[in-house]
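K.L.:
Have a look at the structure that comes next, please.
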Protein chains: 2
Amino acid sequence: MSLSLNQWTTRRWTLPEAVDGCVRHGLEAIGLWREKVAEHGLARSARLVRESGLRVSSLCRGGFLTAGELSGERGRAALDDNRRAVDEAAELGAACLVMVVGGLPGVTPGEPPPAGFSRDVAGARQRVTEALATLAPYAGERGVRLALEPLHPVYCPDRAVLSTLGQALDLALAHPQEQVGVVVDTFHVWWDPALHEQIARAGGRIASYQVCDYLHPLPADVLLGRGMMGDGVIGFPPITRAVAEAGYTGDVEVEIFNADVWAADPDEVVATMKARYADVVMAS
Amino acid sequence: MSLSLNQWTTRRWTLPEAVDGCVRHGLEAIGLWREKVAEHGLARSARLVRESGLRVSSLCRGGFLTAGELSGERGRAALDDNRRAVDEAAELGAACLVMVVGGLPGVTPGEPPPAGFSRDVAGARQRVTEALATLAPYAGERGVRLALEPLHPVYCPDRAVLSTLGQALDLALAHPQEQVGVVVDTFHVWWDPALHEQIARAGGRIASYQVCDYLHPLPADVLLGRGMMGDGVIGFPPITRAVAEAGYTGDVEVEIFNADVWAADPDEVVATMKARYADVVMAS
């Protein structure tokens, strides 16, 4: 396993700055975000990353598939956007496209539910299943692997009705392994009493191992509850060992959404990240 | 099933006021809290409730078993306190003693972790297993049923390393059904993709069905994210049906921790609760 910078951790950096930062700090991989790629231009970004020698450990993100019936306007728009995300992942040579599947229909992330939103969590989950039946073969034809990311249940209302690794695997196993895998992100799954059993079950389905800590108490904006490894409540070594024992040999991405981290000098953030990765994540 | 007022929903009421409120509003049961019982006196509370004709649907709460080794000072104190809670439940004739098992060792509920806290969530879970081996027979001898409550994973750091209904059942099944059951609290479990499967598996192990809504976004103090049914994101009817199909015929407690509800006139709160129970929880 080798350390990768998810570029949202140093979001003040443009894509060229992030690529340069990774190279200067001796990293071998970077996790990209579509917004940052679009800012710099897709073809230019792909060329820049390729020439840097960095691997693209993931592209963030596809998903948000639950807003409306797939045959309706919102559903078709979501599928179209996901096809574009697959195309971008292919051009960038990303190891996977991270999928944040979406929350309850009608609920905008971070906002109170509007009138008329749906409380049908089972229906939303069914919609994800149906969307994958369309998107997985599309991704497979382009050599892209979808990586289903279970999110902490606190995000179930607005970001992902995919809430456990076991549930993600149930979805993934309906498709070929090279088309659909899963993300193990410590922030989202550390609490899961079935975690070790499901990591072992996942085996070669693990498409991405992402690490950051879980802050407690969470900040008022729960999206920003991700912390530098060692600053929260997660015991990393047992999870890292389980992921390694499951056969994962890919990159380990550090993805932190945190106001203090974003305000800090990105070079210091990367230096801290490297030290904590060695001391906290990979500690035996 | 029949509606019960968990007295923390109307926490401004003393125990006699809450008993009187339940009787005036035509409820048949009340869920009691140890603090309120202690305020009024255990023997007096038991007599008052008995004479009122109300059932005691639960006593809240035992638990917090994870602070230290069970053989050490903190562990022994926790076991002693839980034995007292069992004795109180027996004297009150409570249908069950709700168990909130405790979070990571050293973490005080609602507060940032202190130096030297433990990140060993598996170890904390093992401690709960060991404590139950002592407490379940003690409860059984006194005719009290322990009701293991899985809490939403957002409370895993500080309140309960028991995070899913399936995990609670795994623990409960090691003991006789009359000694250890589980709580299905909609707030805590609504997001669980395995919920319906686990409710069916629970069957006669369901010791308590508690309802309140899950507010989104959560307030800054996540403990107060419980809302009146209909004010949040939970779709109640499928959960209520599953609990009924599992064979549960006990009381349905409404337990709401919410600053606005606590500030309101308790009589209005109970009236709203009755209306929402009929319209939202029991709707077909």
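Quick note on naming: the chains in the structure tokens go A, B, ... in the order shown, residues restart at 1 in each chain, and ligands are numbered from 1 in order of appearance.
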Could you name the residues that touch Leu48 in chain A at 10 Å or less, counting only C-alpha atoms, but leaving out those on the same chain fewer than 3 positions away, as a list of chain:residue names?
P.N.:
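Here the qualifying residues turn out to be A:Leu15, A:Pro16, A:Val19, A:Asp20, A:His40, A:Leu42, A:Ala43, A:Arg44, A:Ser45, A:Glu51, A:Ser52, A:Gly53, A:Leu54, A:Leu92.
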K.L.:
Would you export the selected residues with N, CA and C atoms as a PDB file, in the first residue's frame, please?
P.N.:
ATOM      1  N   LEU A  15      -5.480  22.051  -9.419  1.00  0.00           N
ATOM      2  CA  LEU A  15      -4.997  20.735  -9.827  1.00  0.00           C
ATOM      3  C   LEU A  15      -3.494  20.749 -10.115  1.00  0.00           C
ATOM      4  N   PRO A  16      -2.973  21.712 -10.875  1.00  0.00           N
ATOM      5  CA  PRO A  16      -1.507  21.698 -11.088  1.00  0.00           C
ATOM      6  C   PRO A  16      -0.734  21.847  -9.777  1.00  0.00           C
ATOM      7  N   VAL A  19      -0.822  18.457  -8.001  1.00  0.00           N
ATOM      8  CA  VAL A  19       0.077  17.494  -8.669  1.00  0.00           C
ATOM      9  C   VAL A  19       1.522  17.812  -8.293  1.00  0.00           C
ATOM     10  N   ASP A  20       1.866  19.088  -8.375  1.00  0.00           N
ATOM     11  CA  ASP A  20       3.222  19.505  -8.015  1.00  0.00           C
ATOM     12  C   ASP A  20       3.521  19.176  -6.553  1.00  0.00           C
ATOM     13  N   HIS A  40      -9.356  23.045 -14.558  1.00  0.00           N
ATOM     14  CA  HIS A  40      -8.099  23.054 -15.328  1.00  0.00           C
ATOM     15  C   HIS A  40      -8.304  22.529 -16.750  1.00  0.00           C
ATOM     16  N   LEU A  42     -10.265  18.968 -18.764  1.00  0.00           N
ATOM     17  CA  LEU A  42     -10.089  17.517 -18.655  1.00  0.00           C
ATOM     18  C   LEU A  42      -8.828  17.032 -19.376  1.00  0.00           C
ATOM     19  N   ALA A  43      -8.668  17.431 -20.638  1.00  0.00           N
ATOM     20  CA  ALA A  43      -7.537  16.915 -21.422  1.00  0.00           C
ATOM     21  C   ALA A  43      -6.206  17.399 -20.844  1.00  0.00           C
ATOM     22  N   ARG A  44      -6.178  18.684 -20.451  1.00  0.00           N
ATOM     23  CA  ARG A  44      -4.942  19.225 -19.850  1.00  0.00           C
ATOM     24  C   ARG A  44      -4.628  18.518 -18.544  1.00  0.00           C
ATOM     25  N   SER A  45      -5.689  18.252 -17.750  1.00  0.00           N
ATOM     26  CA  SER A  45      -5.481  17.579 -16.461  1.00  0.00           C
ATOM     27  C   SER A  45      -4.930  16.177 -16.687  1.00  0.00           C
ATOM     28  N   GLU A  51       2.037  13.027 -17.258  1.00  0.00           N
ATOM     29  CA  GLU A  51       3.445  13.438 -17.352  1.00  0.00           C
ATOM     30  C   GLU A  51       4.132  13.514 -15.988  1.00  0.00           C
ATOM     31  N   SER A  52       3.310  13.697 -14.939  1.00  0.00           N
ATOM     32  CA  SER A  52       3.898  13.769 -13.586  1.00  0.00           C
ATOM     33  C   SER A  52       4.341  12.399 -13.088  1.00  0.00           C
ATOM     34  N   GLY A  53       3.803  11.345 -13.712  1.00  0.00           N
ATOM     35  CA  GLY A  53       4.106   9.997 -13.248  1.00  0.00           C
ATOM     36  C   GLY A  53       3.238   9.532 -12.093  1.00  0.00           C
ATOM     37  N   LEU A  54       2.339  10.403 -11.605  1.00  0.00           N
ATOM     38  CA  LEU A  54       1.451  10.004 -10.506  1.00  0.00           C
ATOM     39  C   LEU A  54       0.371   9.040 -10.995  1.00  0.00           C
ATOM     40  N   LEU A  92      -8.767  10.106 -17.503  1.00  0.00           N
ATOM     41  CA  LEU A  92      -7.752  10.391 -16.476  1.00  0.00           C
ATOM     42  C   LEU A  92      -6.979   9.146 -16.060  1.00  0.00           C
TER      43      LEU A  92
END
K.L.:
Compile a residue-level contact table for chain B against chain A at a cut-off of 6 Å, reporting for every qualifying residue the shortest atom pair and its distance in Å to one decimal, with only C-alpha atoms counted, rows ordered by chain and ascending number, as a Markdown table.
P.N.:
| residue | atom | partner | partner_atom | distance |
| --- | --- | --- | --- | --- |
| B:Pro112 | CA | A:His216 | CA | 5.8 |
| B:Arg119 | CA | A:Gly235 | CA | 5.0 |
| B:His216 | CA | A:Pro112 | CA | 5.8 |
| B:Pro217 | CA | A:Pro112 | CA | 5.9 |
| B:Ala220 | CA | A:Ala220 | CA | 4.6 |
| B:Val233 | CA | A:Arg119 | CA | 5.7 |
| B:Ile234 | CA | A:Arg119 | CA | 5.9 |
| B:Gly235 | CA | A:Arg119 | CA | 5.0 |
K.L.:
What does the distance between CA of Glu255 in chain B and CA of Val211 in chain B come to in Å, to one decimal place?
P.N.:
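If I compute the distance from CA of Glu255 in chain B to CA of Val211 in chain B, I get 6.6 Å.
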K.L.:
Rounded to one decimal, what separation in Å do you get between CA of Val280 in chain A and CA of Ser2 in chain A?
P.N.:
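Value for the CA of Val280 in chain A-CA of Ser2 in chain A distance: 14.4 Å.
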K.L.:
Within 7 Å of range 73-89 of chain B, counting only C-alpha atoms, which residues qualify if same-chain residues fewer than 6 places away don't, as a ChimeraX atom specification?
P.N.:
/B:59,62-65,67,97,139,144
K.L.:
For Asn6 in chain B, find every residue with an atom within 6 Å (counting only C-alpha atoms), except residues of its own chain fewer than 4 positions away, and show them as a ChimeraX atom specification.
P.N.:
/B:30-31,253-255
K.L.:
Range 134-189 of chain A: which residues are strand (DSSP E or B) by DSSP, as a ChimeraX atom specification?
P.N.:
/A:146-148,160,180-185
K.L.:
Write the residues you've just listed into a file as a compact mmCIF listing (two decimals), in the first residue's frame, and include N, CA and C atoms for each of them.
P.N.:
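Final output, saved to selection08.txt:
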# COMPACT_ATOMS: atom_id res chain seq x y z
N LEU A 146 -16.51 1.27 -10.95
CA LEU A 146 -17.30 2.06 -10.01
C LEU A 146 -16.97 1.58 -8.60
N ALA A 147 -16.79 2.53 -7.69
CA ALA A 147 -16.45 2.18 -6.31
C ALA A 147 -17.56 2.71 -5.40
N LEU A 148 -18.40 1.79 -4.93
CA LEU A 148 -19.55 2.17 -4.10
C LEU A 148 -19.08 2.52 -2.70
N ALA A 160 -26.22 9.65 1.23
CA ALA A 160 -26.08 8.26 0.78
C ALA A 160 -26.97 7.32 1.59
N VAL A 180 -17.54 -3.17 -10.65
CA VAL A 180 -18.05 -2.54 -9.42
C VAL A 180 -17.30 -3.07 -8.20
N GLY A 181 -16.70 -2.15 -7.46
CA GLY A 181 -16.05 -2.47 -6.19
C GLY A 181 -16.64 -1.60 -5.09
N VAL A 182 -15.98 -1.60 -3.96
CA VAL A 182 -16.45 -0.83 -2.81
C VAL A 182 -15.31 0.01 -2.24
N VAL A 183 -15.69 1.08 -1.53
CA VAL A 183 -14.72 1.92 -0.83
C VAL A 183 -14.79 1.58 0.66
N VAL A 184 -13.63 1.40 1.26
CA VAL A 184 -13.57 1.33 2.72
C VAL A 184 -12.98 2.65 3.19
N ASP A 185 -13.82 3.50 3.75
CA ASP A 185 -13.37 4.80 4.26
C ASP A 185 -13.54 4.76 5.78
K.L.:
Could you work out how far CA of Lys36 in chain A lies from CA of Pro266 in chain A, giving the answer in Å with one decimal?
P.N.:
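Those two atoms sit 15.6 Å apart.
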K.L.:
Applying 9 Å and only C-alpha atoms, which residues near range 136-138 of chain B remain after dropping the ones on its own chain fewer than 2 positions away? List them as JSON, numbers by chain.
P.N.:
{"B": [83, 86, 131, 132, 133, 134, 140, 141, 142, 143, 144, 145, 146, 175, 176, 179, 180]}
K.L.:
Could those residues be written to a file, using N, CA and C atoms, as an mmCIF file, in the first residue's frame?
P.N.:
data_model
loop_
_atom_site.group_PDB
_atom_site.id
_atom_site.type_symbol
_atom_site.label_atom_id
_atom_site.label_comp_id
_atom_site.auth_asym_id
_atom_site.auth_seq_id
_atom_site.Cartn_x
_atom_site.Cartn_y
_atom_site.Cartn_z
ATOM 1 N N ARG B 83 -26.934 -3.305 39.114
ATOM 2 C CA ARG B 83 -27.728 -4.168 40.009
ATOM 3 C C ARG B 83 -28.794 -3.338 40.726
ATOM 4 N N VAL B 86 -31.585 -2.768 38.334
ATOM 5 C CA VAL B 86 -32.427 -3.965 38.229
ATOM 6 C C VAL B 86 -33.385 -4.034 39.419
ATOM 7 N N ALA B 131 -20.020 -8.125 30.920
ATOM 8 C CA ALA B 131 -20.898 -7.564 31.953
ATOM 9 C C ALA B 131 -22.274 -8.227 31.908
ATOM 10 N N LEU B 132 -22.749 -8.510 30.715
ATOM 11 C CA LEU B 132 -24.069 -9.150 30.593
ATOM 12 C C LEU B 132 -24.071 -10.541 31.217
ATOM 13 N N ALA B 133 -22.948 -11.221 31.137
ATOM 14 C CA ALA B 133 -22.867 -12.560 31.733
ATOM 15 C C ALA B 133 -23.124 -12.493 33.236
ATOM 16 N N THR B 134 -22.768 -11.362 33.853
ATOM 17 C CA THR B 134 -23.035 -11.165 35.279
ATOM 18 C C THR B 134 -24.456 -10.651 35.518
ATOM 19 N N GLY B 140 -32.620 -11.911 35.858
ATOM 20 C CA GLY B 140 -33.559 -13.028 35.760
ATOM 21 C C GLY B 140 -34.093 -13.460 37.117
ATOM 22 N N GLU B 141 -33.206 -13.475 38.125
ATOM 23 C CA GLU B 141 -33.638 -13.881 39.471
ATOM 24 C C GLU B 141 -34.672 -12.921 40.046
ATOM 25 N N ARG B 142 -34.685 -11.694 39.576
ATOM 26 C CA ARG B 142 -35.615 -10.680 40.098
ATOM 27 C C ARG B 142 -36.766 -10.404 39.139
ATOM 28 N N GLY B 143 -36.878 -11.230 38.115
ATOM 29 C CA GLY B 143 -37.993 -11.085 37.173
ATOM 30 C C GLY B 143 -37.897 -9.852 36.296
ATOM 31 N N VAL B 144 -36.665 -9.353 36.095
ATOM 32 C CA VAL B 144 -36.468 -8.145 35.280
ATOM 33 C C VAL B 144 -35.819 -8.543 33.960
ATOM 34 N N ARG B 145 -36.256 -7.902 32.900
ATOM 35 C CA ARG B 145 -35.680 -8.173 31.585
ATOM 36 C C ARG B 145 -34.801 -6.997 31.173
ATOM 37 N N LEU B 146 -33.561 -7.290 30.827
ATOM 38 C CA LEU B 146 -32.672 -6.257 30.297
ATOM 39 C C LEU B 146 -33.007 -6.040 28.825
ATOM 40 N N HIS B 175 -28.405 -15.367 26.083
ATOM 41 C CA HIS B 175 -29.110 -15.435 27.369
ATOM 42 C C HIS B 175 -30.567 -15.824 27.140
ATOM 43 N N PRO B 176 -31.231 -16.314 28.175
ATOM 44 C CA PRO B 176 -32.648 -16.665 28.014
ATOM 45 C C PRO B 176 -33.478 -15.448 27.596
ATOM 46 N N GLN B 179 -34.662 -12.964 30.086
ATOM 47 C CA GLN B 179 -33.634 -12.166 30.780
ATOM 48 C C GLN B 179 -33.114 -11.002 29.932
ATOM 49 N N VAL B 180 -32.959 -11.246 28.632
ATOM 50 C CA VAL B 180 -32.361 -10.213 27.775
ATOM 51 C C VAL B 180 -33.131 -10.077 26.462
#
